[in-house]
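Participant: This is entry.txt, which holds compact mmCIF, C-alpha atoms:
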# COMPACT_ATOMS: atom_id res chain seq x y z
CA MET A 26 -26.59 -14.34 0.85
CA ASN A 27 -23.66 -14.85 -1.54
CA ILE A 28 -21.42 -11.81 -1.86
CA ALA A 29 -18.44 -11.27 -4.17
CA ILE A 30 -15.83 -8.54 -3.72
CA CYS A 31 -13.28 -7.09 -6.13
CA THR A 32 -10.58 -4.80 -4.73
CA LEU A 33 -8.63 -2.33 -6.83
CA GLY A 34 -5.72 -0.17 -5.73
CA CYS A 35 -3.57 0.12 -2.65
CA LYS A 36 -2.91 -1.86 0.52
CA VAL A 37 -5.37 0.35 2.42
CA ASN A 38 -8.13 -0.77 0.07
CA GLN A 39 -7.03 -4.36 0.59
CA TYR A 40 -7.13 -3.86 4.34
CA GLU A 41 -10.61 -2.35 4.24
CA THR A 42 -11.86 -5.19 2.05
CA GLN A 43 -10.48 -7.72 4.53
CA ALA A 44 -12.35 -5.93 7.31
CA MET A 45 -15.58 -6.06 5.31
CA GLU A 46 -15.03 -9.75 4.58
CA ARG A 47 -14.67 -10.48 8.30
CA GLU A 48 -17.82 -8.54 9.10
CA LEU A 49 -19.86 -10.14 6.30
CA ALA A 50 -18.81 -13.61 7.49
CA ARG A 51 -19.75 -12.65 11.04
CA ARG A 52 -23.20 -11.63 9.79
CA GLY A 53 -23.66 -15.05 8.22
CA HIS A 54 -23.08 -14.23 4.57
CA THR A 55 -21.07 -16.40 2.17
CA LEU A 56 -18.14 -14.94 0.26
CA VAL A 57 -17.80 -16.23 -3.30
CA PRO A 58 -15.31 -15.51 -6.11
CA PHE A 59 -16.02 -12.40 -8.14
CA GLU A 60 -16.48 -14.52 -11.27
CA ALA A 61 -19.23 -16.60 -9.61
CA PRO A 62 -22.98 -15.92 -9.48
CA ALA A 63 -23.80 -13.79 -6.43
CA ASP A 64 -26.63 -11.88 -4.80
CA ALA A 65 -24.41 -8.83 -4.46
CA TYR A 66 -21.12 -7.57 -5.89
CA ILE A 67 -18.91 -5.08 -4.06
CA ILE A 68 -16.33 -3.14 -6.07
CA ASN A 69 -13.83 -1.35 -3.83
CA THR A 70 -12.40 1.17 -6.29
CA CYS A 71 -9.26 3.22 -6.87
CA THR A 72 -8.87 6.66 -8.45
CA VAL A 73 -5.14 7.36 -8.18
CA THR A 74 -4.89 7.76 -11.99
CA ALA A 75 -7.26 8.03 -14.94
CA VAL A 76 -6.29 4.43 -15.73
CA SER A 77 -7.51 3.43 -12.27
CA ASP A 78 -10.85 5.09 -13.00
CA LYS A 79 -11.12 3.12 -16.24
CA LYS A 80 -10.41 -0.18 -14.46
CA SER A 81 -13.06 0.68 -11.85
CA ARG A 82 -15.66 1.35 -14.56
CA GLN A 83 -14.78 -1.86 -16.40
CA THR A 84 -15.15 -3.92 -13.23
CA ILE A 85 -18.53 -2.34 -12.42
CA ARG A 86 -19.82 -3.10 -15.91
CA ARG A 87 -18.51 -6.66 -15.71
CA ALA A 88 -20.40 -7.29 -12.48
CA ARG A 89 -23.63 -5.94 -13.94
CA LYS A 90 -23.24 -7.99 -17.12
CA GLN A 91 -22.55 -11.32 -15.43
CA SER A 92 -25.47 -11.04 -12.95
CA PRO A 93 -28.08 -8.53 -14.19
CA ASP A 94 -30.38 -9.07 -11.21
CA ALA A 95 -27.71 -8.83 -8.51
CA VAL A 96 -27.08 -5.75 -6.38
CA VAL A 97 -23.96 -3.90 -7.55
CA ALA A 98 -22.42 -1.83 -4.75
CA VAL A 99 -19.50 0.54 -5.32
CA CYS A 100 -17.29 2.07 -2.64
CA GLY A 101 -13.80 3.54 -2.38
CA CYS A 102 -11.99 6.50 -3.86
CA TYR A 103 -13.58 6.63 -7.33
CA PRO A 104 -17.18 7.34 -6.23
CA GLN A 105 -15.86 9.64 -3.49
CA THR A 106 -14.33 11.94 -6.10
CA HIS A 107 -16.47 11.18 -9.17
CA PRO A 108 -19.99 10.33 -7.92
CA GLU A 109 -21.74 11.50 -11.09
CA ASP A 110 -19.65 9.16 -13.23
CA VAL A 111 -20.63 6.19 -11.06
CA LYS A 112 -24.31 7.15 -11.05
CA GLY A 113 -24.32 6.63 -14.82
CA LEU A 114 -23.15 3.01 -14.52
CA ASP A 115 -26.38 1.31 -13.36
CA VAL A 116 -25.22 0.89 -9.78
CA ASP A 117 -27.52 0.04 -6.85
CA LEU A 118 -25.43 1.38 -3.97
CA ILE A 119 -22.85 4.17 -4.13
CA ALA A 120 -20.64 4.97 -1.15
CA GLY A 121 -17.19 6.47 -0.71
CA THR A 122 -14.21 5.91 1.56
CA GLY A 123 -15.91 6.34 4.94
CA ASP A 124 -18.03 4.25 7.35
CA ARG A 125 -17.59 0.75 5.97
CA MET A 126 -19.96 -0.81 8.51
CA LYS A 127 -22.80 1.51 7.45
CA PHE A 128 -21.98 0.59 3.85
CA LEU A 129 -22.60 -3.07 4.69
CA ASP A 130 -25.87 -2.18 6.43
CA LEU A 131 -26.96 -0.34 3.29
CA LEU A 132 -25.87 -3.29 1.15
CA GLU A 133 -28.14 -5.65 3.08
CA LYS A 134 -30.97 -3.13 2.78
CA ALA A 135 -30.41 -2.74 -0.97
CA VAL A 136 -30.69 -6.51 -1.45
CA ARG A 137 -33.93 -6.61 0.55
CA GLU A 138 -35.63 -3.54 -0.87
CA LYS A 139 -34.15 -3.30 -4.39
CA GLU A 140 -33.99 0.49 -4.11
CA PRO A 141 -30.89 2.45 -5.25
CA VAL A 142 -28.99 4.27 -2.50
CA VAL A 143 -26.32 6.99 -2.58
CA ASN A 144 -24.42 7.53 0.68
CA LEU A 145 -21.53 9.99 0.38
CA ASP A 146 -19.99 12.49 2.78
CA GLU A 147 -17.43 15.29 2.38
CA ALA A 148 -14.05 13.64 2.91
CA LEU A 149 -12.31 16.91 3.81
CA ARG A 150 -14.61 17.33 6.82
CA ARG A 151 -13.69 14.01 8.43
CA ARG A 152 -11.99 14.10 11.81
CA GLU A 153 -12.46 10.59 13.27
CA PHE A 154 -10.47 7.45 12.45
CA GLU A 155 -12.73 4.52 11.57
CA VAL A 156 -11.48 1.50 13.50
CA LEU A 157 -11.87 -1.70 11.48
CA PRO A 158 -10.83 -5.24 12.44
CA ALA A 159 -7.39 -6.17 11.10
CA GLY A 160 -6.62 -9.50 9.48
CA GLY A 161 -8.28 -11.47 6.71
CA LEU A 162 -10.03 -14.82 6.31
CA ALA A 163 -7.27 -16.57 4.35
CA ALA A 164 -4.26 -18.40 5.82
CA ARG A 165 -2.96 -16.45 8.79
CA THR A 166 0.39 -15.49 7.35
CA ARG A 167 0.49 -11.72 6.94
CA ALA A 168 -2.02 -9.24 8.37
CA MET A 169 -2.27 -5.58 7.46
CA LEU A 170 -2.85 -3.14 10.30
CA LYS A 171 -4.22 0.19 9.11
CA VAL A 172 -3.01 2.86 11.53
CA GLU A 173 -3.70 6.06 9.58
CA ASP A 174 -6.06 7.50 7.00
CA GLY A 175 -5.99 10.71 4.99
CA CYS A 176 -3.28 12.99 3.64
CA THR A 177 -2.64 16.74 3.61
CA ASN A 178 0.43 16.83 1.35
CA PHE A 179 -1.50 17.87 -1.78
CA CYS A 180 1.14 16.75 -4.26
CA ALA A 181 0.56 18.30 -7.69
CA TYR A 182 -0.29 14.96 -9.34
CA CYS A 183 -2.45 13.43 -6.61
CA ILE A 184 -6.18 13.52 -5.90
CA ILE A 185 -6.09 11.28 -2.82
CA PRO A 186 -6.42 14.09 -0.20
CA TYR A 187 -9.83 14.83 -1.74
CA ALA A 188 -10.77 11.15 -1.68
CA ARG A 189 -9.54 10.37 1.83
CA GLY A 190 -9.65 13.65 3.72
CA PRO A 191 -7.28 14.92 6.42
CA VAL A 192 -4.96 12.85 8.59
CA ARG A 193 -6.67 10.63 11.19
CA SER A 194 -4.73 8.19 13.37
CA LEU A 195 -5.50 4.92 15.10
CA PRO A 196 -5.00 5.52 18.85
CA LEU A 197 -1.95 3.83 20.34
CA GLU A 198 -3.99 1.77 22.84
CA THR A 199 -6.27 0.49 20.08
CA ALA A 200 -3.28 -0.44 17.93
CA ALA A 201 -1.85 -2.43 20.85
CA ASP A 202 -5.16 -4.27 21.28
CA GLU A 203 -5.28 -5.15 17.57
CA VAL A 204 -1.69 -6.45 17.59
CA ARG A 205 -2.38 -8.65 20.61
CA ARG A 206 -5.44 -10.09 18.86
CA LEU A 207 -3.54 -10.78 15.64
CA ARG A 208 -0.78 -12.47 17.58
CA ALA A 209 -3.34 -14.67 19.39
CA GLU A 210 -4.96 -15.59 16.06
CA GLY A 211 -1.67 -16.98 14.77
CA TYR A 212 -0.48 -14.40 12.28
CA ARG A 213 3.25 -14.39 11.63
CA GLU A 214 3.74 -10.90 10.21
CA ILE A 215 2.05 -7.51 10.57
CA VAL A 216 2.26 -4.82 7.89
CA VAL A 217 1.75 -1.32 9.29
CA THR A 218 -0.12 0.54 6.58
CA GLY A 219 -2.09 3.70 5.89
CA ILE A 220 -2.54 6.41 3.30
CA GLU A 221 0.46 8.35 4.70
CA ILE A 222 1.77 6.56 7.78
CA SER A 223 4.54 9.09 8.32
CA SER A 224 1.78 11.48 9.45
CA TRP A 225 0.55 9.06 12.12
CA GLY A 226 -0.01 10.73 15.47
CA ARG A 227 -0.11 14.38 14.45
CA ASP A 228 -3.85 14.52 15.29
CA LEU A 229 -3.54 12.63 18.61
CA PRO A 230 -3.01 14.16 22.06
CA GLY A 231 0.68 14.81 22.68
CA LYS A 232 1.43 14.30 18.96
CA PRO A 233 3.26 10.96 19.21
CA GLU A 234 5.45 9.97 16.28
CA LEU A 235 5.55 6.89 14.09
CA ILE A 236 8.53 5.43 15.96
CA ASP A 237 6.44 5.51 19.17
CA LEU A 238 3.80 3.44 17.42
CA LEU A 239 6.40 1.00 16.07
CA GLU A 240 7.85 0.42 19.52
CA THR A 241 4.37 -0.38 20.82
CA VAL A 242 3.52 -2.68 17.90
CA CYS A 243 6.80 -4.57 18.26
CA ARG A 244 6.42 -4.89 22.03
CA GLU A 245 2.85 -6.23 21.83
CA GLY A 246 3.67 -8.39 18.81
CA LYS A 247 6.77 -9.95 20.31
CA GLY A 248 7.80 -12.91 18.14
CA LEU A 249 5.98 -11.58 15.07
CA ARG A 250 7.60 -9.83 12.15
CA VAL A 251 6.61 -6.19 11.73
CA ARG A 252 6.89 -4.54 8.34
CA LEU A 253 6.42 -0.87 7.45
CA GLY A 254 4.41 0.59 4.60
CA SER A 255 5.57 3.55 2.54
CA LEU A 256 7.52 6.25 4.39
CA GLU A 257 7.99 9.95 3.69
CA PRO A 258 11.79 10.43 3.62
CA ARG A 259 11.81 13.11 6.32
CA THR A 260 10.50 10.51 8.79
CA VAL A 261 13.91 8.85 8.69
CA THR A 262 15.99 10.74 11.23
CA GLU A 263 18.90 9.73 13.45
CA ASP A 264 16.51 9.19 16.38
CA PHE A 265 14.09 7.17 14.25
CA CYS A 266 16.86 4.87 12.99
CA ARG A 267 18.50 4.45 16.40
CA ARG A 268 15.22 3.40 18.01
CA ALA A 269 14.05 1.32 15.03
CA ALA A 270 17.33 -0.62 14.90
CA ALA A 271 16.73 -1.70 18.51
CA LEU A 272 13.50 -3.51 17.51
CA PRO A 273 14.31 -7.12 16.52
CA GLU A 274 10.76 -7.61 15.21
CA LEU A 275 11.08 -4.80 12.66
CA CYS A 276 11.94 -5.99 9.15
CA PRO A 277 14.86 -4.15 7.48
CA HIS A 278 12.72 -3.23 4.47
CA PHE A 279 12.00 0.47 3.97
CA HIS A 280 9.91 1.82 1.13
CA LEU A 281 10.93 5.46 0.85
CA SER A 282 8.57 7.50 -1.30
CA MET A 283 10.62 9.34 -3.94
CA GLN A 284 8.73 10.01 -7.25
CA SER A 285 11.68 11.89 -8.79
CA GLY A 286 15.42 12.19 -8.37
CA CYS A 287 15.56 15.77 -9.63
CA ASP A 288 15.06 18.78 -7.37
CA ALA A 289 13.36 20.90 -10.03
CA THR A 290 10.87 18.12 -10.74
CA LEU A 291 10.25 17.56 -7.03
CA ARG A 292 9.39 21.24 -6.66
CA ARG A 293 6.86 21.05 -9.51
CA MET A 294 5.41 17.97 -7.85
CA ASN A 295 5.04 19.93 -4.59
CA ARG A 296 7.03 17.32 -2.70
CA LYS A 297 8.36 18.46 0.67
CA TYR A 298 11.98 17.26 0.39
CA ASP A 299 14.90 17.48 -2.04
CA THR A 300 17.38 14.88 -3.23
CA LYS A 301 19.95 15.84 -0.59
CA ARG A 302 17.46 15.16 2.21
CA TYR A 303 16.37 11.96 0.51
CA LYS A 304 19.95 10.69 0.27
CA GLU A 305 20.47 11.52 3.95
CA SER A 306 17.60 9.12 4.75
CA VAL A 307 19.17 6.40 2.61
CA ASN A 308 22.54 6.90 4.31
CA LEU A 309 21.00 6.74 7.79
CA LEU A 310 19.20 3.48 7.03
CA ASN A 311 22.41 1.96 5.68
CA LYS A 312 24.25 3.17 8.78
CA TYR A 313 21.89 1.57 11.30
CA PHE A 314 20.80 -1.60 9.44
CA ASP A 315 22.82 -4.37 7.83
CA ARG A 316 22.08 -4.29 4.08
CA PRO A 317 18.51 -3.01 4.40
CA ALA A 318 16.28 -3.30 1.36
CA ILE A 319 15.44 0.27 0.41
CA THR A 320 12.71 0.38 -2.23
CA THR A 321 10.88 3.24 -3.90
CA ASP A 322 8.44 4.52 -6.53
CA LEU A 323 9.43 6.63 -9.51
CA ILE A 324 7.25 8.70 -11.84
CA VAL A 325 8.95 9.41 -15.17
CA GLY A 326 7.81 11.97 -17.70
CA PHE A 327 6.21 14.27 -15.15
CA PRO A 328 5.02 17.51 -16.82
CA GLY A 329 7.95 19.70 -17.76
CA GLU A 330 10.59 17.00 -17.23
CA THR A 331 13.54 17.68 -19.51
CA GLU A 332 16.17 15.21 -20.62
CA GLU A 333 18.61 16.86 -18.20
CA GLU A 334 16.17 16.43 -15.33
CA PHE A 335 15.63 12.79 -16.23
CA ALA A 336 19.40 12.27 -16.36
CA ALA A 337 19.62 13.73 -12.83
CA THR A 338 17.03 11.19 -11.71
CA LEU A 339 19.01 8.28 -13.17
CA LYS A 340 22.13 9.52 -11.38
CA HIS A 341 20.21 9.79 -8.12
CA ILE A 342 18.73 6.30 -8.21
CA ARG A 343 22.16 4.81 -8.92
CA ALA A 344 23.57 6.70 -5.93
CA CYS A 345 20.80 5.37 -3.69
CA GLY A 346 21.31 1.75 -4.80
CA PHE A 347 17.69 0.69 -4.45
CA ALA A 348 16.91 -2.97 -3.86
CA GLU A 349 13.76 -2.67 -5.95
CA MET A 350 11.77 0.03 -7.71
CA HIS A 351 8.27 0.52 -9.07
CA ILE A 352 8.39 2.74 -12.16
CA PHE A 353 5.40 4.52 -13.69
CA PRO A 354 5.13 6.81 -16.69
CA TYR A 355 3.22 9.89 -15.53
CA SER A 356 -0.52 9.46 -16.03
CA ILE A 357 -2.79 12.50 -16.10
CA ARG A 358 -5.11 12.68 -13.12
CA PRO A 359 -7.88 15.19 -14.05
CA GLY A 360 -8.61 17.62 -11.25
CA THR A 361 -5.00 18.03 -10.14
CA PRO A 362 -2.58 20.91 -10.86
CA ALA A 363 -0.25 18.65 -12.85
CA ALA A 364 -3.03 17.92 -15.34
CA GLU A 365 -2.90 21.58 -16.42
CA MET A 366 0.89 21.64 -16.86
CA GLU A 367 2.77 21.17 -20.14
CA GLN A 368 2.77 17.43 -20.81
CA VAL A 369 5.66 15.24 -21.92
CA PRO A 370 4.81 13.29 -25.11
CA LYS A 371 3.75 9.69 -24.52
CA PRO A 372 6.60 8.11 -26.55
CA VAL A 373 9.13 10.10 -24.52
CA LYS A 374 7.54 8.95 -21.25
CA GLU A 375 7.55 5.33 -22.37
CA ALA A 376 11.18 5.51 -23.52
CA ARG A 377 12.27 7.05 -20.22
CA ALA A 378 10.32 4.43 -18.27
CA ALA A 379 12.19 1.71 -20.16
CA ARG A 380 15.56 3.34 -19.48
CA ALA A 381 14.77 3.76 -15.78
CA ALA A 382 13.53 0.16 -15.58
CA ALA A 383 16.85 -1.07 -17.02
CA VAL A 384 18.75 0.76 -14.27
CA ALA A 385 16.31 -0.50 -11.65
CA ASP A 386 16.77 -4.10 -12.83
CA GLU A 387 20.55 -3.71 -12.68
CA LEU A 388 20.32 -2.43 -9.10
CA HIS A 389 17.88 -5.20 -8.15
CA GLN A 390 20.18 -7.91 -9.48
CA THR A 391 23.11 -6.38 -7.60
CA TYR A 392 21.13 -6.42 -4.38
CA LEU A 393 20.02 -10.03 -4.90
CA GLN A 394 23.57 -11.18 -5.60
CA GLY A 395 24.64 -9.54 -2.35
CA CYS A 396 22.19 -11.80 -0.52
CA VAL A 397 23.92 -15.02 -1.64
CA GLY A 398 25.61 -16.73 1.28
CA GLN A 399 23.44 -14.96 3.84
CA VAL A 400 21.10 -16.80 6.22
CA TYR A 401 17.60 -15.33 6.56
CA GLU A 402 14.55 -16.22 8.61
CA VAL A 403 12.11 -16.83 5.74
CA LEU A 404 8.34 -16.77 6.15
CA TYR A 405 7.13 -19.46 3.74
CA GLU A 406 3.72 -18.82 2.21
CA GLN A 407 2.84 -20.86 -0.88
CA ALA A 408 3.89 -23.56 -3.32
CA VAL A 409 4.95 -22.36 -6.78
CA ASN A 410 6.19 -24.68 -9.54
CA GLY A 411 7.16 -27.45 -7.16
CA MET A 412 9.00 -25.15 -4.74
CA TYR A 413 7.90 -23.29 -1.66
CA GLN A 414 8.10 -19.52 -1.76
CA GLY A 415 8.19 -16.94 0.96
CA HIS A 416 9.77 -13.66 1.93
CA ALA A 417 12.96 -12.88 3.78
CA PRO A 418 12.86 -10.01 6.31
CA ASN A 419 14.12 -7.71 3.53
CA TYR A 420 11.01 -8.73 1.51
CA MET A 421 13.00 -10.46 -1.20
CA VAL A 422 11.28 -13.57 -2.54
CA VAL A 423 12.96 -16.85 -1.53
CA ALA A 424 12.22 -20.24 -3.11
CA ALA A 425 13.20 -23.54 -1.49
CA GLN A 426 12.48 -27.12 -2.56
CA ASN A 427 11.36 -28.42 0.82
CA GLY A 428 7.59 -28.99 1.04
CA GLY A 429 5.08 -28.50 3.85
CA LEU A 430 6.42 -25.12 4.93
CA ARG A 431 3.31 -22.95 4.70
CA ASN A 432 3.11 -20.27 7.37
CA GLN A 433 6.40 -21.24 8.99
CA ILE A 434 9.44 -19.06 9.59
CA LEU A 435 12.59 -21.09 9.02
CA PRO A 436 16.31 -20.24 8.77
CA THR A 437 17.37 -20.49 5.14
CA ARG A 438 20.76 -20.10 3.50
CA ILE A 439 20.72 -18.29 0.17
CA VAL A 440 22.61 -20.27 -2.45
CA GLY A 441 21.78 -18.47 -5.68
CA VAL A 442 19.54 -16.20 -7.74
CA ARG A 443 17.08 -17.29 -10.41
CA ASP A 444 14.31 -15.43 -12.26
CA GLY A 445 14.33 -12.50 -9.86
CA ALA A 446 14.10 -14.67 -6.73
CA LEU A 447 16.59 -15.98 -4.21
CA LEU A 448 17.21 -19.72 -4.11
CA GLY A 449 17.44 -21.10 -0.59
CA GLU A 450 18.30 -24.22 1.36
CA LEU A 451 16.94 -24.84 4.83
CA CYS A 452 19.64 -24.72 7.48
Using the file provided, produce a representation of the structure as structure tokens.
Facilitator:
Amino acid sequence: MNIAICTLGCKVNQYETQAMERELARRGHTLVPFEAPADAYIINTCTVTAVSDKKSRQTIRRARKQSPDAVVAVCGCYPQTHPEDVKGLDVDLIAGTGDRMKFLDLLEKAVREKEPVVNLDEALRRREFEVLPAGGLAARTRAMLKVEDGCTNFCAYCIIPYARGPVRSLPLETAADEVRRLRAEGYREIVVTGIEISSWGRDLPGKPELIDLLETVCREGKGLRVRLGSLEPRTVTEDFCRRAAALPELCPHFHLSMQSGCDATLRRMNRKYDTKRYKESVNLLNKYFDRPAITTDLIVGFPGETEEEFAATLKHIRACGFAEMHIFPYSIRPGTPAAEMEQVPKPVKEARAARAAAVADELHQTYLQGCVGQVYEVLYEQAVNGMYQGHAPNYMVVAAQNGGLRNQILPTRIVGVRDGALLGELC
């Protein structure tokens, strides 16, 4: 049958969709664009903010409207945490964030029998990691490898621990097998991802650490590029950096989760570090790597944030010198402690987001200018406006005029900066 999938949210959702696509193709089904007529529509949802919930609902309604007789199947974080909301949306199959293969079995059954099905578990009771095949069906450029699921940080603004459950880790031997398979299939880069990859290993025998996993992934993926997902700052220690810097496959791009640059705000957020510890991580990465790209996320206008606290955040991000930042005005997530706190007015949040974005753009341009004259091994991926684009190891976008470069890693000299990208010439 023809099946269309729409994925909302994070890289983990993207990974799980890719795994479902592989399995559906293996079962003989045809994947079609989400805008096309289909026998079934899968919406893999997100619930990280109230806005995410709204987008999930809109996508579900769109699927039902464009093909009234098709099966509409919803999975992911939104039905896991808000099942009653989804039940009111004329959905044929409701599942959560667990057991994707059973979800596909139920999808096939729903198409055959035309009977609505609800299949949800209690995420907080999960203890086993669901192993799914890594890699997608598109050009074999970059594959995501999910190594961890769940989170137990319980940040004041976040509902994800309730959607994903406790920490579960992909066993080291299984990770090695997956990397060997991806390498044999011709992928050029592996992205190590998860809900909270810094927690990888804490549920495994002997409690291995993330750096142990990275050494294994790099060894088994020799010749491939290995890129890390988001890191909790306390993961970055002297030992971590010393061992990571010895891995030539590891890309010098580190996304350090931050959320605020003010200690008082971090405490209200229930984050487990302060700005001093965060800056220590930045300093260590700069000590062990040559001009690493350190990127981060920032929430502005968190409940109770004063102008003085916001000023402290601006000072902190300048001191860290981020290569790139993602900035979000705080969005209320019902069901979390932060939703009950005193809120910052929307115009204030938007104004602070604009001010932070101006600083972030200044830092980004400074980092890009520092790349001019450097030679990078660029993984070229697609043609855009007559040029070929790809990513340097530091994940900065590089555009070169030479054609026919798809899925090749080629040495490229950076000769300039234009429209937020690096301009390159093949060496």
Participant: Any idea what's packed within 6 Å of stretch 87-101 of chain A, counting only C-alpha atoms, ignoring anything in its chain fewer than 5 positions away? Could you give it as a ChimeraX atom specification?
Facilitator: /A:64-70,116-122
Participant: Would you mind reading off the distance between atom CA of A:Arg152 and atom CA of A:Val192, one decimal, in Å?
Facilitator: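 These atoms are spaced 7.8 Å apart.
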Participant: Could you jot down the atom CA of A:Lys127 to atom CA of A:Ile184 separation for me, Å, one decimal place?
Facilitator: 24.5 Å
Participant: Report as JSON lines: every residue of stretch 289-391 of chain A with an atom at most 12 Å from stretch 268-273 of chain A, its closest pair of atoms, and their distance in Å to one decimal, counting only C-alpha atoms, with rows sorted by chain and ascending residue number.
Facilitator:
{"residue": "A:Leu309", "atom": "CA", "partner": "A:Ala270", "partner_atom": "CA", "distance": 10.9}
{"residue": "A:Leu310", "atom": "CA", "partner": "A:Ala270", "partner_atom": "CA", "distance": 9.1}
{"residue": "A:Asn311", "atom": "CA", "partner": "A:Ala270", "partner_atom": "CA", "distance": 10.8}
{"residue": "A:Lys312", "atom": "CA", "partner": "A:Ala270", "partner_atom": "CA", "distance": 10.0}
{"residue": "A:Tyr313", "atom": "CA", "partner": "A:Ala270", "partner_atom": "CA", "distance": 6.2}
{"residue": "A:Phe314", "atom": "CA", "partner": "A:Ala270", "partner_atom": "CA", "distance": 6.5}
{"residue": "A:Asp315", "atom": "CA", "partner": "A:Ala270", "partner_atom": "CA", "distance": 9.7}
{"residue": "A:Pro317", "atom": "CA", "partner": "A:Ala270", "partner_atom": "CA", "distance": 10.8}
Participant: Near A:Thr166, within 9 Å and counting only C-alpha atoms, which residues show up once chain neighbours fewer than 5 positions away are dropped, as a list of chain:residue names?
Facilitator: A:Gly211, A:Tyr212, A:Arg213, A:Glu214, A:Ile215, A:Leu404, A:Tyr405, A:Glu406, A:Arg431, A:Asn432, A:Gln433
Participant: Would you give the centre and edge lengths, in Å to one decimal, of a box along x, y and z around the listed atoms of stretch 288-291 of chain A, with 8 Å added to each side, as AutoDock Vina command-line options?
Facilitator:
--center_x 12.7 --center_y 19.2 --center_z -8.9 --size_x 20.8 --size_y 19.3 --size_z 19.7
Participant: Record the distance separating atom CA of A:Gln284 and atom CA of A:Ile324, expressed in Å with one decimal.
Facilitator: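 It comes out at 5.0 Å.
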Participant: Find the residue from A:Phe128, A:Phe179, A:Tyr298, A:Phe353 that sits nearest to A:Leu323; use all atoms listed in the file when measuring.
Facilitator: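 Under the stated criterion, the closest residue is A:Phe353.
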Participant: With distances taken over only C-alpha atoms, which of A:Lys80, A:Arg302, A:Arg296, A:His54 is nearest to A:Asn27?
Facilitator: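 Looking only at the distances to A:Asn27, the closest residue turns out to be A:His54.
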Participant: Of the residues A:Gly113, A:Gly248, A:Gly360, A:Pro436, which is the one nearest to A:Val204, using all atoms listed in the file?
Facilitator: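 Comparing A:Gly113, A:Gly248, A:Gly360, A:Pro436 against A:Val204, the winner is A:Gly248.
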Participant: Out of A:Val242, A:Leu447, A:Leu249, A:Leu195, which residue has the shortest atom-to-atom distance to A:Asp228 when counting all atoms listed in the file?
Facilitator: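 Smallest distance to A:Asp228 is found for A:Leu195.
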Participant: For A:Cys276, please output as a list in words all residues within 7 Å (counting all atoms listed in the file; exclusion window: fewer than 2 positions along the same chain).
Facilitator: Arg250, Val251, Arg252, Glu274, His278, Pro418 and Asn419 of chain A
Participant: Which is closest to A:Thr290 among A:Gln390, A:Thr338, A:Asn178, A:Thr262, if we use only C-alpha atoms?
Facilitator: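 Going through A:Gln390, A:Thr338, A:Asn178, A:Thr262 one by one, the smallest distance to A:Thr290 is for A:Thr338.
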Participant: Pick the closest to A:Leu238 from A:Gly254, A:Gln368, A:Leu393, A:Val172: which is it, counting all atoms listed in the file?
Facilitator: A:Val172
Participant: Name the residues in contact with A:Met26 at a cut-off of 12 Å, using all atoms listed in the file, excluding same-chain residues fewer than 2 positions from it; report them as a PyMOL selection string.
Facilitator: chain A and resi 28-29+49-50+52-57+62-66+95-96+132-133+136-137
Participant: Based on the selection just made, write C-alpha atoms of those residues as a PDB file, keeping the file's coordinate frame.
Facilitator:
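Final output, saved to again_16.pdb:
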ATOM      1  CA  ILE A  28     -21.420 -11.810  -1.860  1.00  0.00           C
ATOM      2  CA  ALA A  29     -18.440 -11.270  -4.170  1.00  0.00           C
ATOM      3  CA  LEU A  49     -19.860 -10.140   6.300  1.00  0.00           C
ATOM      4  CA  ALA A  50     -18.810 -13.610   7.490  1.00  0.00           C
ATOM      5  CA  ARG A  52     -23.200 -11.630   9.790  1.00  0.00           C
ATOM      6  CA  GLY A  53     -23.660 -15.050   8.220  1.00  0.00           C
ATOM      7  CA  HIS A  54     -23.080 -14.230   4.570  1.00  0.00           C
ATOM      8  CA  THR A  55     -21.070 -16.400   2.170  1.00  0.00           C
ATOM      9  CA  LEU A  56     -18.140 -14.940   0.260  1.00  0.00           C
ATOM     10  CA  VAL A  57     -17.800 -16.230  -3.300  1.00  0.00           C
ATOM     11  CA  PRO A  62     -22.980 -15.920  -9.480  1.00  0.00           C
ATOM     12  CA  ALA A  63     -23.800 -13.790  -6.430  1.00  0.00           C
ATOM     13  CA  ASP A  64     -26.630 -11.880  -4.800  1.00  0.00           C
ATOM     14  CA  ALA A  65     -24.410  -8.830  -4.460  1.00  0.00           C
ATOM     15  CA  TYR A  66     -21.120  -7.570  -5.890  1.00  0.00           C
ATOM     16  CA  ALA A  95     -27.710  -8.830  -8.510  1.00  0.00           C
ATOM     17  CA  VAL A  96     -27.080  -5.750  -6.380  1.00  0.00           C
ATOM     18  CA  LEU A 132     -25.870  -3.290   1.150  1.00  0.00           C
ATOM     19  CA  GLU A 133     -28.140  -5.650   3.080  1.00  0.00           C
ATOM     20  CA  VAL A 136     -30.690  -6.510  -1.450  1.00  0.00           C
ATOM     21  CA  ARG A 137     -33.930  -6.610   0.550  1.00  0.00           C
TER      22      ARG A 137
END
Participant: As a PyMOL selection string, please: the residues near A:Pro359 (cut-off 12 Å, all atoms listed in the file, same-chain neighbours under 2 positions excluded).
Facilitator: chain A and resi 72-78+106-107+181-184+356-357+361-366
Participant: Please check which residues have atoms at most 8 Å from (5.3, 7.1, 2.0) in the file's coordinates, counting only C-alpha atoms, and write them as number ranges by chain.
Facilitator: A: 220-223, 254-258, 280-282
Participant: Please determine the residues with any atom at most 9 Å from (-14.9, -7.4, 5.4) (coordinates as given in the file, with all atoms listed in the file counting) and report them as a list of chain:residue names.
Facilitator: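 Protein and nucleic acid residues near the point are A:Tyr40, A:Glu41, A:Thr42, A:Gln43, A:Ala44, A:Met45, A:Glu46, A:Arg47, A:Glu48, A:Leu49, A:Ala50, A:Arg125, A:Met126, A:Leu129, A:Leu157, A:Pro158, A:Gly161, A:Leu162.
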